[in-house]
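Engineer: Here it is: the structure, laid out below.
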Amino acid sequence: MAASFTRDSGTQTPTTYDRFQELKAFDDSKSGVKGLVDAGITKIPRIFCRPKVEDHDSVKPIPTQFTIPVIDLENIKTWSDEVVEGIRKAGGEVGFFQVVNHGVPQSVLEEMLAAARGFHELPTEVKKSYYTREKTKKVIYGSNFDLYESRFANWRDTLFCVMGPEPLHPQQLPLVCRDITMEYSKQIHKLGTTLFKLLSKAIGLTPDHLIGLDCSKGHCLLSHYYPACPEPELTLGTTKHSDPDFLTILLQDHIGGLQVSHQNQWFDVPFLPGALVVNIGSLLQLISNDKLKSAEHQVLANEKGPRVSVACFFTPHLYPSTRIYGPIKELLSKENPPLYRETTVEDFISYYDSKGLDEKSALAHFKLQP
Ligand code: OGA
Ligand code: NI
């Protein structure tokens, strides 16, 4: 039995209910949030209700003018100082930016989004065969990876595919998204490699430094589906978090709802046709010793929908080596002492997963005391 709040408890009177049983019933249905919407619910089940008291909601700083940086990669070949400086600022000050002229054809972007949607809109019976909470599987359909750990469930289903470093056999992918997932994965991996080179240069390292640390060695694709929500103000599509990887490249559709936290305020990450959203992951913040920032972000639930997005996480995930990651020596000096202790990717991910999305930074756990 867990203490929680009733769904419409404006007075925040705690009540108790068998939350575990309700989570389990939802999990056992194997039909995700989409299944609830298909069943015609008009009120969200209480496992999705976000507790009313939110620290960040009580702080309302004075609005400032700010837009997410957009970086044109057209002149990438020349390694122009302008692009490198743009990446340094965007990665070091905001942690979030969009890239245009990134080389991934528009048709590939469109087909990937359509296929991600296509998977989530398959009959439940077909999707069920991919539904699992076994973390060692390479293709996982599920809803809320942290369902049993988090304080409230998110209005989101996900198809998770581990694409590298060991190539995924296409047969393991659902037919509806098979070919385009393989193609998108290839293209995004190439773009990721370019971004790691730019990021290396941007923080004063040789272009291949981050790649040499295996930052681009593994990647996973997460196709998210955020169904239209009948009571969007009571829940979230994704709780505030920063990504547990080196780098994320995100393809989003036009619906909107993604927000990034910058100087204690939420800013929309607007849909920019043809662009890809890039954000620094926690592991890159750790090894760059804060030269690059892993910004916290969230996704609002929306009355409109579905919203579809495809995130590519650069992380070795299922293939973490014994390699130890800590602040890169070349970035350290008397004035810049290490801010984090060393860890393995495996330890970092298991800490992140055990915690669930709880709005608290996983990085804090690895911070050295001043
Ligand atoms: C994520 C994420 C944002 C989105 O997958 O970590 O933050 O827009 N996704 O779906
Ligand atoms: Ni994220």
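Convention: chains lettered A, B, ... in structure tokens order; per-chain residue numbering from 1; ligands numbered from 1 as shown.
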Per residue of chain A within 10 Å of ligand 1, what are the shortest atom pair and its distance in Å to one decimal, counting only C-alpha atoms and all ligand atoms, with rows by chain and residue number, as JSON lines?

Structural biologist:
```
{"residue": "A:Arg156", "atom": "CA", "partner": "ligand 1", "partner_atom_place_in_ligand_line": "10 (O)", "distance": 8.8}
{"residue": "A:Thr158", "atom": "CA", "partner": "ligand 1", "partner_atom_place_in_ligand_line": "5 (O)", "distance": 8.9}
{"residue": "A:Phe160", "atom": "CA", "partner": "ligand 1", "partner_atom_place_in_ligand_line": "5 (O)", "distance": 9.9}
{"residue": "A:Leu221", "atom": "CA", "partner": "ligand 1", "partner_atom_place_in_ligand_line": "5 (O)", "distance": 8.9}
{"residue": "A:Leu222", "atom": "CA", "partner": "ligand 1", "partner_atom_place_in_ligand_line": "5 (O)", "distance": 6.3}
{"residue": "A:Ser223", "atom": "CA", "partner": "ligand 1", "partner_atom_place_in_ligand_line": "10 (O)", "distance": 8.0}
{"residue": "A:His224", "atom": "CA", "partner": "ligand 1", "partner_atom_place_in_ligand_line": "10 (O)", "distance": 5.8}
{"residue": "A:Tyr225", "atom": "CA", "partner": "ligand 1", "partner_atom_place_in_ligand_line": "10 (O)", "distance": 7.9}
{"residue": "A:Tyr226", "atom": "CA", "partner": "ligand 1", "partner_atom_place_in_ligand_line": "10 (O)", "distance": 8.2}
{"residue": "A:Gly237", "atom": "CA", "partner": "ligand 1", "partner_atom_place_in_ligand_line": "10 (O)", "distance": 8.0}
{"residue": "A:Thr238", "atom": "CA", "partner": "ligand 1", "partner_atom_place_in_ligand_line": "7 (O)", "distance": 6.9}
{"residue": "A:Thr239", "atom": "CA", "partner": "ligand 1", "partner_atom_place_in_ligand_line": "7 (O)", "distance": 8.6}
{"residue": "A:Lys240", "atom": "CA", "partner": "ligand 1", "partner_atom_place_in_ligand_line": "7 (O)", "distance": 8.3}
{"residue": "A:His241", "atom": "CA", "partner": "ligand 1", "partner_atom_place_in_ligand_line": "7 (O)", "distance": 7.3}
{"residue": "A:Ser242", "atom": "CA", "partner": "ligand 1", "partner_atom_place_in_ligand_line": "6 (O)", "distance": 7.1}
{"residue": "A:Asp243", "atom": "CA", "partner": "ligand 1", "partner_atom_place_in_ligand_line": "6 (O)", "distance": 5.4}
{"residue": "A:Pro244", "atom": "CA", "partner": "ligand 1", "partner_atom_place_in_ligand_line": "6 (O)", "distance": 8.2}
{"residue": "A:Asp245", "atom": "CA", "partner": "ligand 1", "partner_atom_place_in_ligand_line": "6 (O)", "distance": 9.4}
{"residue": "A:Thr248", "atom": "CA", "partner": "ligand 1", "partner_atom_place_in_ligand_line": "6 (O)", "distance": 7.8}
{"residue": "A:Ile249", "atom": "CA", "partner": "ligand 1", "partner_atom_place_in_ligand_line": "5 (O)", "distance": 9.3}
{"residue": "A:Leu250", "atom": "CA", "partner": "ligand 1", "partner_atom_place_in_ligand_line": "8 (O)", "distance": 7.0}
{"residue": "A:Leu251", "atom": "CA", "partner": "ligand 1", "partner_atom_place_in_ligand_line": "8 (O)", "distance": 7.7}
{"residue": "A:Gln252", "atom": "CA", "partner": "ligand 1", "partner_atom_place_in_ligand_line": "8 (O)", "distance": 6.0}
{"residue": "A:Asp253", "atom": "CA", "partner": "ligand 1", "partner_atom_place_in_ligand_line": "8 (O)", "distance": 8.6}
{"residue": "A:Ile255", "atom": "CA", "partner": "ligand 1", "partner_atom_place_in_ligand_line": "8 (O)", "distance": 9.9}
{"residue": "A:Gly256", "atom": "CA", "partner": "ligand 1", "partner_atom_place_in_ligand_line": "8 (O)", "distance": 8.0}
{"residue": "A:Gly257", "atom": "CA", "partner": "ligand 1", "partner_atom_place_in_ligand_line": "8 (O)", "distance": 7.2}
{"residue": "A:Leu258", "atom": "CA", "partner": "ligand 1", "partner_atom_place_in_ligand_line": "8 (O)", "distance": 5.0}
{"residue": "A:Gln259", "atom": "CA", "partner": "ligand 1", "partner_atom_place_in_ligand_line": "8 (O)", "distance": 8.3}
{"residue": "A:Val260", "atom": "CA", "partner": "ligand 1", "partner_atom_place_in_ligand_line": "7 (O)", "distance": 9.3}
{"residue": "A:Val269", "atom": "CA", "partner": "ligand 1", "partner_atom_place_in_ligand_line": "8 (O)", "distance": 8.8}
{"residue": "A:Val277", "atom": "CA", "partner": "ligand 1", "partner_atom_place_in_ligand_line": "8 (O)", "distance": 9.0}
{"residue": "A:Asn279", "atom": "CA", "partner": "ligand 1", "partner_atom_place_in_ligand_line": "7 (O)", "distance": 9.1}
{"residue": "A:Gly281", "atom": "CA", "partner": "ligand 1", "partner_atom_place_in_ligand_line": "6 (O)", "distance": 9.4}
{"residue": "A:Glu296", "atom": "CA", "partner": "ligand 1", "partner_atom_place_in_ligand_line": "7 (O)", "distance": 8.7}
{"residue": "A:His297", "atom": "CA", "partner": "ligand 1", "partner_atom_place_in_ligand_line": "7 (O)", "distance": 6.3}
{"residue": "A:Gln298", "atom": "CA", "partner": "ligand 1", "partner_atom_place_in_ligand_line": "7 (O)", "distance": 6.2}
{"residue": "A:Val299", "atom": "CA", "partner": "ligand 1", "partner_atom_place_in_ligand_line": "8 (O)", "distance": 6.0}
{"residue": "A:Leu300", "atom": "CA", "partner": "ligand 1", "partner_atom_place_in_ligand_line": "8 (O)", "distance": 9.2}
{"residue": "A:Arg307", "atom": "CA", "partner": "ligand 1", "partner_atom_place_in_ligand_line": "10 (O)", "distance": 8.4}
{"residue": "A:Val308", "atom": "CA", "partner": "ligand 1", "partner_atom_place_in_ligand_line": "10 (O)", "distance": 7.2}
{"residue": "A:Ser309", "atom": "CA", "partner": "ligand 1", "partner_atom_place_in_ligand_line": "10 (O)", "distance": 4.9}
{"residue": "A:Val310", "atom": "CA", "partner": "ligand 1", "partner_atom_place_in_ligand_line": "10 (O)", "distance": 6.6}
{"residue": "A:Ala311", "atom": "CA", "partner": "ligand 1", "partner_atom_place_in_ligand_line": "5 (O)", "distance": 5.1}
{"residue": "A:Cys312", "atom": "CA", "partner": "ligand 1", "partner_atom_place_in_ligand_line": "5 (O)", "distance": 7.8}
{"residue": "A:Phe313", "atom": "CA", "partner": "ligand 1", "partner_atom_place_in_ligand_line": "5 (O)", "distance": 7.9}
```

Engineer: What does the file look like for those residues with N, CA and C atoms, as a short mmCIF file (atom, residue, chain, number, x, y, z; two decimals), in the first residue's frame?

Structural biologist:
```cif
data_model
loop_
_atom_site.label_atom_id
_atom_site.label_comp_id
_atom_site.auth_asym_id
_atom_site.auth_seq_id
_atom_site.Cartn_x
_atom_site.Cartn_y
_atom_site.Cartn_z
N ARG A 156 2.91 7.90 -21.82
CA ARG A 156 3.82 7.61 -22.93
C ARG A 156 4.09 6.12 -23.07
N THR A 158 6.67 3.32 -25.39
CA THR A 158 7.95 3.39 -26.10
C THR A 158 8.34 2.05 -26.73
N PHE A 160 11.77 0.40 -27.75
CA PHE A 160 13.20 0.60 -27.48
C PHE A 160 14.01 -0.42 -28.28
N LEU A 221 17.63 3.25 -30.23
CA LEU A 221 16.55 4.12 -30.72
C LEU A 221 15.32 3.93 -29.84
N LEU A 222 14.74 5.02 -29.41
CA LEU A 222 13.52 4.98 -28.59
C LEU A 222 12.40 5.68 -29.35
N SER A 223 11.45 4.91 -29.84
CA SER A 223 10.32 5.51 -30.56
C SER A 223 9.19 5.72 -29.56
N HIS A 224 8.98 6.99 -29.22
CA HIS A 224 7.98 7.33 -28.21
C HIS A 224 6.64 7.67 -28.85
N TYR A 225 5.59 7.30 -28.15
CA TYR A 225 4.23 7.59 -28.62
C TYR A 225 3.47 8.20 -27.44
N TYR A 226 3.06 9.44 -27.59
CA TYR A 226 2.34 10.16 -26.54
C TYR A 226 0.89 10.33 -26.98
N GLY A 237 3.94 13.82 -20.11
CA GLY A 237 4.36 12.85 -21.12
C GLY A 237 5.67 12.19 -20.69
N THR A 238 6.59 13.02 -20.23
CA THR A 238 7.84 12.52 -19.64
C THR A 238 8.22 13.44 -18.49
N THR A 239 8.48 12.85 -17.34
CA THR A 239 8.93 13.60 -16.16
C THR A 239 10.29 14.22 -16.42
N LYS A 240 10.52 15.35 -15.77
CA LYS A 240 11.82 16.03 -15.85
C LYS A 240 12.99 15.07 -15.63
N HIS A 241 13.97 15.12 -16.51
CA HIS A 241 15.13 14.24 -16.40
C HIS A 241 16.25 14.77 -17.28
N SER A 242 17.45 14.26 -17.10
CA SER A 242 18.46 14.46 -18.14
C SER A 242 18.84 13.06 -18.62
N ASP A 243 19.35 12.97 -19.83
CA ASP A 243 19.49 11.66 -20.45
C ASP A 243 20.72 10.91 -19.93
N PRO A 244 20.58 9.60 -19.70
CA PRO A 244 21.66 8.81 -19.13
C PRO A 244 22.62 8.27 -20.19
N ASP A 245 23.06 9.14 -21.08
CA ASP A 245 23.90 8.69 -22.19
C ASP A 245 24.98 9.74 -22.44
N THR A 248 22.22 12.70 -27.19
CA THR A 248 20.93 12.29 -27.74
C THR A 248 20.64 13.11 -28.98
N ILE A 249 20.17 12.43 -30.03
CA ILE A 249 19.65 13.14 -31.21
C ILE A 249 18.17 12.79 -31.30
N LEU A 250 17.33 13.79 -31.30
CA LEU A 250 15.89 13.56 -31.24
C LEU A 250 15.16 14.10 -32.46
N LEU A 251 14.31 13.23 -32.99
CA LEU A 251 13.44 13.62 -34.11
C LEU A 251 12.05 13.77 -33.51
N GLN A 252 11.45 14.96 -33.64
CA GLN A 252 10.11 15.13 -33.07
C GLN A 252 9.14 15.57 -34.16
N ASP A 253 7.87 15.28 -33.95
CA ASP A 253 6.87 15.75 -34.91
C ASP A 253 6.40 17.15 -34.54
N ILE A 255 3.67 18.28 -33.08
CA ILE A 255 2.68 18.49 -32.00
C ILE A 255 3.20 19.39 -30.87
N GLY A 256 4.45 19.21 -30.50
CA GLY A 256 5.02 20.05 -29.44
C GLY A 256 4.79 19.47 -28.05
N GLY A 257 5.47 20.05 -27.07
CA GLY A 257 5.34 19.58 -25.69
C GLY A 257 6.69 19.39 -25.02
N LEU A 258 7.76 19.27 -25.84
CA LEU A 258 9.10 19.11 -25.25
C LEU A 258 9.56 20.47 -24.71
N GLN A 259 10.04 20.45 -23.47
CA GLN A 259 10.54 21.68 -22.86
C GLN A 259 11.89 21.43 -22.23
N VAL A 260 12.75 22.45 -22.27
CA VAL A 260 14.07 22.33 -21.63
C VAL A 260 14.17 23.35 -20.51
N VAL A 269 10.87 23.56 -26.82
CA VAL A 269 11.79 23.22 -27.92
C VAL A 269 10.89 23.12 -29.15
N VAL A 277 16.86 17.65 -33.00
CA VAL A 277 17.21 18.24 -31.70
C VAL A 277 18.39 17.44 -31.14
N ASN A 279 20.86 16.93 -27.68
CA ASN A 279 21.17 17.32 -26.31
C ASN A 279 22.29 16.49 -25.70
N GLY A 281 24.18 14.39 -22.99
CA GLY A 281 23.77 13.45 -21.95
C GLY A 281 24.61 13.60 -20.69
N GLU A 296 18.18 19.50 -18.12
CA GLU A 296 16.98 18.74 -17.78
C GLU A 296 15.85 19.14 -18.73
N HIS A 297 15.02 18.17 -19.04
CA HIS A 297 13.92 18.43 -19.95
C HIS A 297 12.72 17.59 -19.56
N GLN A 298 11.58 17.93 -20.11
CA GLN A 298 10.35 17.19 -19.82
C GLN A 298 9.45 17.28 -21.04
N VAL A 299 8.44 16.43 -21.07
CA VAL A 299 7.45 16.52 -22.15
C VAL A 299 6.08 16.66 -21.51
N LEU A 300 5.36 17.70 -21.91
CA LEU A 300 4.01 17.90 -21.38
C LEU A 300 3.06 16.91 -22.04
N ARG A 307 1.42 12.42 -30.21
CA ARG A 307 2.71 13.02 -30.55
C ARG A 307 3.70 11.86 -30.68
N VAL A 308 4.55 11.94 -31.70
CA VAL A 308 5.53 10.88 -31.91
C VAL A 308 6.92 11.50 -31.93
N SER A 309 7.86 10.84 -31.29
CA SER A 309 9.26 11.28 -31.36
C SER A 309 10.15 10.05 -31.39
N VAL A 310 11.34 10.23 -31.96
CA VAL A 310 12.30 9.12 -31.99
C VAL A 310 13.62 9.65 -31.44
N ALA A 311 14.02 9.12 -30.30
CA ALA A 311 15.27 9.57 -29.68
C ALA A 311 16.36 8.55 -29.98
N CYS A 312 17.55 9.05 -30.31
CA CYS A 312 18.70 8.15 -30.45
C CYS A 312 19.64 8.45 -29.29
N PHE A 313 19.84 7.46 -28.43
CA PHE A 313 20.74 7.60 -27.28
C PHE A 313 22.10 7.00 -27.66
#
```

Engineer: Where does DSSP see alpha helix (DSSP H) in segment 203-292 of chain A, if you list the residues as a PyMOL selection string?

Structural biologist: chain A and resi 209-212+282-287

Engineer: Select, from A:Leu286, A:Leu247, A:Leu205, A:Leu363, the residue with the minimum atom-to-atom distance to ligand 2, counting only C-alpha atoms and all ligand atoms.

Structural biologist: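 The shortest atom-to-atom distance to ligand 2 comes from A:Leu247.
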
Engineer: Do a neighbour search on Ile47 of chain A at 6 Å with only C-alpha atoms, toss out local chain neighbours closer than 2 positions, and write the hits as an mmCIF file with C-alpha atoms, in the first residue's frame.

Structural biologist:
```cif
data_model
loop_
_atom_site.group_PDB
_atom_site.id
_atom_site.type_symbol
_atom_site.label_atom_id
_atom_site.label_comp_id
_atom_site.auth_asym_id
_atom_site.auth_seq_id
_atom_site.Cartn_x
_atom_site.Cartn_y
_atom_site.Cartn_z
ATOM 1 C CA PRO A 45 -6.244 6.546 -13.934
ATOM 2 C CA CYS A 49 -1.618 11.654 -11.483
ATOM 3 C CA PHE A 152 3.593 8.692 -11.050
ATOM 4 C CA ALA A 153 3.371 7.063 -14.436
#
```

Engineer: Rounded to one decimal in Å, what is the spacing between atom CA of Leu210 of chain A and atom CA of Ser261 of chain A?

Structural biologist: 25.6 Å

Engineer: Show me, as a PyMOL selection string, the residues that have an atom within 12 Å of Ser129 of chain A when counting only C-alpha atoms, minus same-chain residues fewer than 3 positions from it.

Structural biologist: chain A and resi 30-31+122-126+132+139-142+172-174

Engineer: For a quick check of understanding, using only C-alpha atoms and all ligand atoms, which of A:Cys215, A:Ala295, A:Asp28, A:Cys220 has the smallest distance to ligand 2?

Structural biologist: A:Ala295

Engineer: Give me, as a ChimeraX atom specification, the residues of segment 96-315 of chain A that a backbone DSSP run labels strand (DSSP E).

Structural biologist: /A:96-100,139-142,157-162,219-226,236-241,247-252,258-262,265-268,276-280,297-300,307-314

Engineer: Give me a file of those residues, with C-alpha atoms, as a PDB file, in the first residue's frame.

Structural biologist:
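Generated output (selection12.pdb):
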```
ATOM      1  CA  PHE A  96      20.212  21.667 -26.064  1.00  0.00           C
ATOM      2  CA  PHE A  97      20.247  22.784 -29.684  1.00  0.00           C
ATOM      3  CA  GLN A  98      18.743  22.005 -33.057  1.00  0.00           C
ATOM      4  CA  VAL A  99      20.754  21.159 -36.159  1.00  0.00           C
ATOM      5  CA  VAL A 100      19.765  21.896 -39.755  1.00  0.00           C
ATOM      6  CA  VAL A 139      13.828  -4.887 -28.861  1.00  0.00           C
ATOM      7  CA  ILE A 140      11.432  -3.856 -26.127  1.00  0.00           C
ATOM      8  CA  TYR A 141       7.939  -2.438 -26.357  1.00  0.00           C
ATOM      9  CA  GLY A 142       6.748  -1.043 -23.075  1.00  0.00           C
ATOM     10  CA  ASP A 157       4.574   4.264 -24.600  1.00  0.00           C
ATOM     11  CA  THR A 158       7.954   3.385 -26.095  1.00  0.00           C
ATOM     12  CA  LEU A 159       9.559   0.970 -28.517  1.00  0.00           C
ATOM     13  CA  PHE A 160      13.200   0.602 -27.478  1.00  0.00           C
ATOM     14  CA  CYS A 161      15.746  -0.907 -29.906  1.00  0.00           C
ATOM     15  CA  VAL A 162      19.427  -1.492 -29.222  1.00  0.00           C
ATOM     16  CA  HIS A 219      23.343   3.552 -29.791  1.00  0.00           C
ATOM     17  CA  CYS A 220      19.696   2.809 -29.064  1.00  0.00           C
ATOM     18  CA  LEU A 221      16.554   4.120 -30.720  1.00  0.00           C
ATOM     19  CA  LEU A 222      13.524   4.979 -28.587  1.00  0.00           C
ATOM     20  CA  SER A 223      10.322   5.506 -30.559  1.00  0.00           C
ATOM     21  CA  HIS A 224       7.976   7.329 -28.207  1.00  0.00           C
ATOM     22  CA  TYR A 225       4.226   7.585 -28.620  1.00  0.00           C
ATOM     23  CA  TYR A 226       2.341  10.161 -26.536  1.00  0.00           C
ATOM     24  CA  LEU A 236       3.197  14.516 -17.918  1.00  0.00           C
ATOM     25  CA  GLY A 237       4.358  12.848 -21.120  1.00  0.00           C
ATOM     26  CA  THR A 238       7.844  12.521 -19.638  1.00  0.00           C
ATOM     27  CA  THR A 239       8.925  13.605 -16.161  1.00  0.00           C
ATOM     28  CA  LYS A 240      11.818  16.033 -15.855  1.00  0.00           C
ATOM     29  CA  HIS A 241      15.135  14.235 -16.403  1.00  0.00           C
ATOM     30  CA  LEU A 247      24.518  12.363 -26.484  1.00  0.00           C
ATOM     31  CA  THR A 248      20.932  12.287 -27.739  1.00  0.00           C
ATOM     32  CA  ILE A 249      19.652  13.142 -31.209  1.00  0.00           C
ATOM     33  CA  LEU A 250      15.889  13.561 -31.241  1.00  0.00           C
ATOM     34  CA  LEU A 251      13.440  13.619 -34.106  1.00  0.00           C
ATOM     35  CA  GLN A 252      10.107  15.127 -33.074  1.00  0.00           C
ATOM     36  CA  LEU A 258       9.095  19.108 -25.249  1.00  0.00           C
ATOM     37  CA  GLN A 259      10.541  21.683 -22.859  1.00  0.00           C
ATOM     38  CA  VAL A 260      14.069  22.327 -21.635  1.00  0.00           C
ATOM     39  CA  SER A 261      15.047  23.844 -18.327  1.00  0.00           C
ATOM     40  CA  HIS A 262      17.360  26.808 -18.701  1.00  0.00           C
ATOM     41  CA  GLN A 265      12.663  28.235 -16.384  1.00  0.00           C
ATOM     42  CA  TRP A 266      10.982  25.954 -18.876  1.00  0.00           C
ATOM     43  CA  PHE A 267      11.374  26.804 -22.548  1.00  0.00           C
ATOM     44  CA  ASP A 268       9.625  25.078 -25.433  1.00  0.00           C
ATOM     45  CA  LEU A 276      16.962  17.400 -35.388  1.00  0.00           C
ATOM     46  CA  VAL A 277      17.207  18.236 -31.702  1.00  0.00           C
ATOM     47  CA  VAL A 278      20.530  17.466 -30.019  1.00  0.00           C
ATOM     48  CA  ASN A 279      21.166  17.320 -26.308  1.00  0.00           C
ATOM     49  CA  ILE A 280      24.160  16.538 -24.150  1.00  0.00           C
ATOM     50  CA  HIS A 297      13.916  18.435 -19.952  1.00  0.00           C
ATOM     51  CA  GLN A 298      10.349  17.194 -19.817  1.00  0.00           C
ATOM     52  CA  VAL A 299       7.454  16.517 -22.151  1.00  0.00           C
ATOM     53  CA  LEU A 300       4.012  17.895 -21.381  1.00  0.00           C
ATOM     54  CA  ARG A 307       2.710  13.016 -30.552  1.00  0.00           C
ATOM     55  CA  VAL A 308       5.528  10.879 -31.912  1.00  0.00           C
ATOM     56  CA  SER A 309       9.255  11.284 -31.362  1.00  0.00           C
ATOM     57  CA  VAL A 310      12.302   9.116 -31.988  1.00  0.00           C
ATOM     58  CA  ALA A 311      15.273   9.566 -29.679  1.00  0.00           C
ATOM     59  CA  CYS A 312      18.700   8.147 -30.450  1.00  0.00           C
ATOM     60  CA  PHE A 313      20.744   7.601 -27.281  1.00  0.00           C
ATOM     61  CA  PHE A 314      24.477   7.255 -27.764  1.00  0.00           C
TER      62      PHE A 314
END
```

Engineer: With only C-alpha atoms as the counted atoms, please give the residues lying no more than 10 Å from Tyr325 of chain A, apart from itself and same-chain residues fewer than 6 positions off, as a list in words.

Structural biologist: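 Here the answer would be Leu213, Leu283, Leu284, Leu286, Ile287, Tyr340, Arg341, Glu342, Thr343, Thr344, Val345 and Phe348 of chain A.
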
Engineer: Output N, CA and C atoms for every residue in the selection just made, as a CSV table (one decimal), in the first residue's frame.

Structural biologist:
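So the final result, stored in selection.csv, reads:
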```csv
chain,number,residue,atom,x,y,z
A,213,LEU,N,37.1,7.6,-26.9
A,213,LEU,CA,36.6,7.1,-25.6
A,213,LEU,C,35.3,6.2,-25.8
A,283,LEU,N,26.5,11.5,-19.1
A,283,LEU,CA,27.8,11.0,-19.1
A,283,LEU,C,28.8,11.9,-19.8
A,284,LEU,N,28.3,12.7,-20.8
A,284,LEU,CA,29.2,13.6,-21.4
A,284,LEU,C,29.5,14.8,-20.5
A,286,LEU,N,29.7,14.6,-17.3
A,286,LEU,CA,30.6,14.0,-16.4
A,286,LEU,C,32.1,14.0,-16.9
A,287,ILE,N,32.2,13.5,-18.1
A,287,ILE,CA,33.6,13.3,-18.6
A,287,ILE,C,34.2,14.7,-19.1
A,340,TYR,N,33.8,15.2,-10.7
A,340,TYR,CA,33.0,14.0,-10.5
A,340,TYR,C,34.0,12.8,-10.2
A,341,ARG,N,33.5,11.8,-9.6
A,341,ARG,CA,34.3,10.6,-9.4
A,341,ARG,C,34.1,9.7,-10.6
A,342,GLU,N,35.0,8.8,-10.7
A,342,GLU,CA,35.0,7.9,-11.9
A,342,GLU,C,33.9,6.8,-11.7
A,343,THR,N,33.4,6.3,-12.8
A,343,THR,CA,32.4,5.3,-12.8
A,343,THR,C,32.5,4.5,-14.1
A,344,THR,N,31.8,3.4,-14.1
A,344,THR,CA,31.6,2.7,-15.4
A,344,THR,C,30.2,3.0,-15.9
A,345,VAL,N,30.0,2.8,-17.2
A,345,VAL,CA,28.7,3.1,-17.8
A,345,VAL,C,27.7,2.2,-17.1
A,348,PHE,N,26.7,3.6,-13.8
A,348,PHE,CA,25.9,4.8,-13.9
A,348,PHE,C,24.5,4.5,-14.3
```

Engineer: Name the closest residue to ligand 2 among the candidates A:Thr206, A:Asn264, A:Ser282, A:Ser150; distances are taken between atoms, counting only C-alpha atoms and all ligand atoms.

Structural biologist: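 Once distances to ligand 2 are computed over only C-alpha atoms and all ligand atoms, the minimum belongs to A:Ser282.
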
Engineer: Here is a test: counting only C-alpha atoms, which residue of A:Ile328, A:Ile349, A:Leu23, A:Leu339 is nearest to Arg151 of chain A?

Structural biologist: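 Closest candidate: A:Leu23.
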
Engineer: With a distance cut-off of 8 Å and only C-alpha atoms, select the neighbouring residues of segment 85-95 of chain A, excluding the residue or stretch itself and same-chain residues fewer than 2 positions from it, and output the selection as a ChimeraX atom specification.

Structural biologist: /A:68-69,71,81-83,97,198-199,202-203,262,279-280,290-295

Engineer: How about saving the chosen residues, N, CA and C atoms kept, as a compact mmCIF listing (two decimals), in the first residue's frame?

Structural biologist:
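Listed below is the output, again_16.txt:
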```txt
# COMPACT_ATOMS: atom_id res chain seq x y z
N ILE A 68 16.08 28.34 -28.23
CA ILE A 68 17.02 27.23 -28.35
C ILE A 68 17.91 27.49 -29.58
N PRO A 69 19.23 27.39 -29.43
CA PRO A 69 20.11 27.66 -30.58
C PRO A 69 19.85 26.71 -31.76
N ILE A 71 21.83 25.33 -35.16
CA ILE A 71 23.16 25.30 -35.78
C ILE A 71 23.08 24.71 -37.18
N ASP A 81 35.20 28.05 -37.74
CA ASP A 81 35.25 28.43 -36.33
C ASP A 81 33.87 28.78 -35.83
N GLU A 82 33.04 29.28 -36.75
CA GLU A 82 31.70 29.72 -36.37
C GLU A 82 30.87 28.52 -35.88
N VAL A 83 30.96 27.40 -36.62
CA VAL A 83 30.20 26.21 -36.22
C VAL A 83 30.72 25.68 -34.89
N PHE A 97 20.28 21.97 -28.47
CA PHE A 97 20.25 22.78 -29.68
C PHE A 97 19.59 22.00 -30.81
N LEU A 198 32.81 17.49 -33.54
CA LEU A 198 32.63 18.92 -33.30
C LEU A 198 32.68 19.24 -31.81
N LEU A 199 32.04 18.40 -31.02
CA LEU A 199 32.02 18.63 -29.58
C LEU A 199 33.42 18.50 -28.98
N ALA A 202 35.14 21.59 -29.82
CA ALA A 202 34.54 22.72 -29.10
C ALA A 202 35.06 22.84 -27.68
N ILE A 203 35.46 21.72 -27.08
CA ILE A 203 35.97 21.82 -25.70
C ILE A 203 37.50 21.74 -25.65
N HIS A 262 16.19 25.94 -18.52
CA HIS A 262 17.36 26.81 -18.70
C HIS A 262 17.21 27.98 -17.72
N ASN A 279 20.86 16.93 -27.68
CA ASN A 279 21.17 17.32 -26.31
C ASN A 279 22.29 16.49 -25.70
N ILE A 280 23.01 17.16 -24.82
CA ILE A 280 24.16 16.54 -24.15
C ILE A 280 23.63 15.61 -23.06
N ASP A 290 31.87 19.28 -16.78
CA ASP A 290 30.93 20.42 -16.84
C ASP A 290 31.23 21.41 -17.97
N LYS A 291 32.16 21.06 -18.87
CA LYS A 291 32.36 21.95 -20.03
C LYS A 291 31.15 21.85 -20.95
N LEU A 292 30.49 20.69 -20.91
CA LEU A 292 29.24 20.51 -21.65
C LEU A 292 28.16 20.21 -20.62
N LYS A 293 26.97 20.75 -20.84
CA LYS A 293 25.90 20.63 -19.84
C LYS A 293 24.78 19.72 -20.32
N SER A 294 24.37 18.86 -19.42
CA SER A 294 23.27 17.96 -19.73
C SER A 294 22.00 18.58 -19.16
N ALA A 295 21.23 19.24 -20.01
CA ALA A 295 20.08 20.00 -19.50
C ALA A 295 18.90 19.09 -19.16
```

Engineer: Taking only C-alpha atoms into account, which of A:Lys201, A:Lys137, A:Gln285, A:His102 comes nearest Ala364 of chain A?

Structural biologist: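 Among the listed residues, A:Gln285 lies closest to Ala364 of chain A.
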
Engineer: List as a list in words the protein and nucleic acid residues near Glu149 of chain A, meaning an atom at most 10 Å away when only C-alpha atoms are counted, but skip any in the same chain fewer than 3 places from it.

Structural biologist: Asn144, Phe145, Asp146, Phe152, Ala153, Asp353, Ser354, Lys355, Gly356, Leu357 and Asp358 of chain A

Engineer: What does the file look like for those residues with C-alpha atoms, as a short mmCIF file (atom, residue, chain, number, x, y, z; two decimals), in the first residue's frame?

Structural biologist:
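Output contents, as saved in result.cif:
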```
data_model
loop_
_atom_site.label_atom_id
_atom_site.label_comp_id
_atom_site.auth_asym_id
_atom_site.auth_seq_id
_atom_site.Cartn_x
_atom_site.Cartn_y
_atom_site.Cartn_z
CA ASN A 144 7.15 3.61 -18.44
CA PHE A 145 10.48 1.78 -17.99
CA ASP A 146 10.34 3.02 -14.38
CA PHE A 152 3.59 8.69 -11.05
CA ALA A 153 3.37 7.06 -14.44
CA ASP A 353 17.42 2.96 -13.56
CA SER A 354 17.10 2.10 -9.87
CA LYS A 355 16.10 5.68 -9.16
CA GLY A 356 13.54 6.02 -11.97
CA LEU A 357 12.56 9.43 -13.26
CA ASP A 358 12.18 11.26 -9.97
#
```
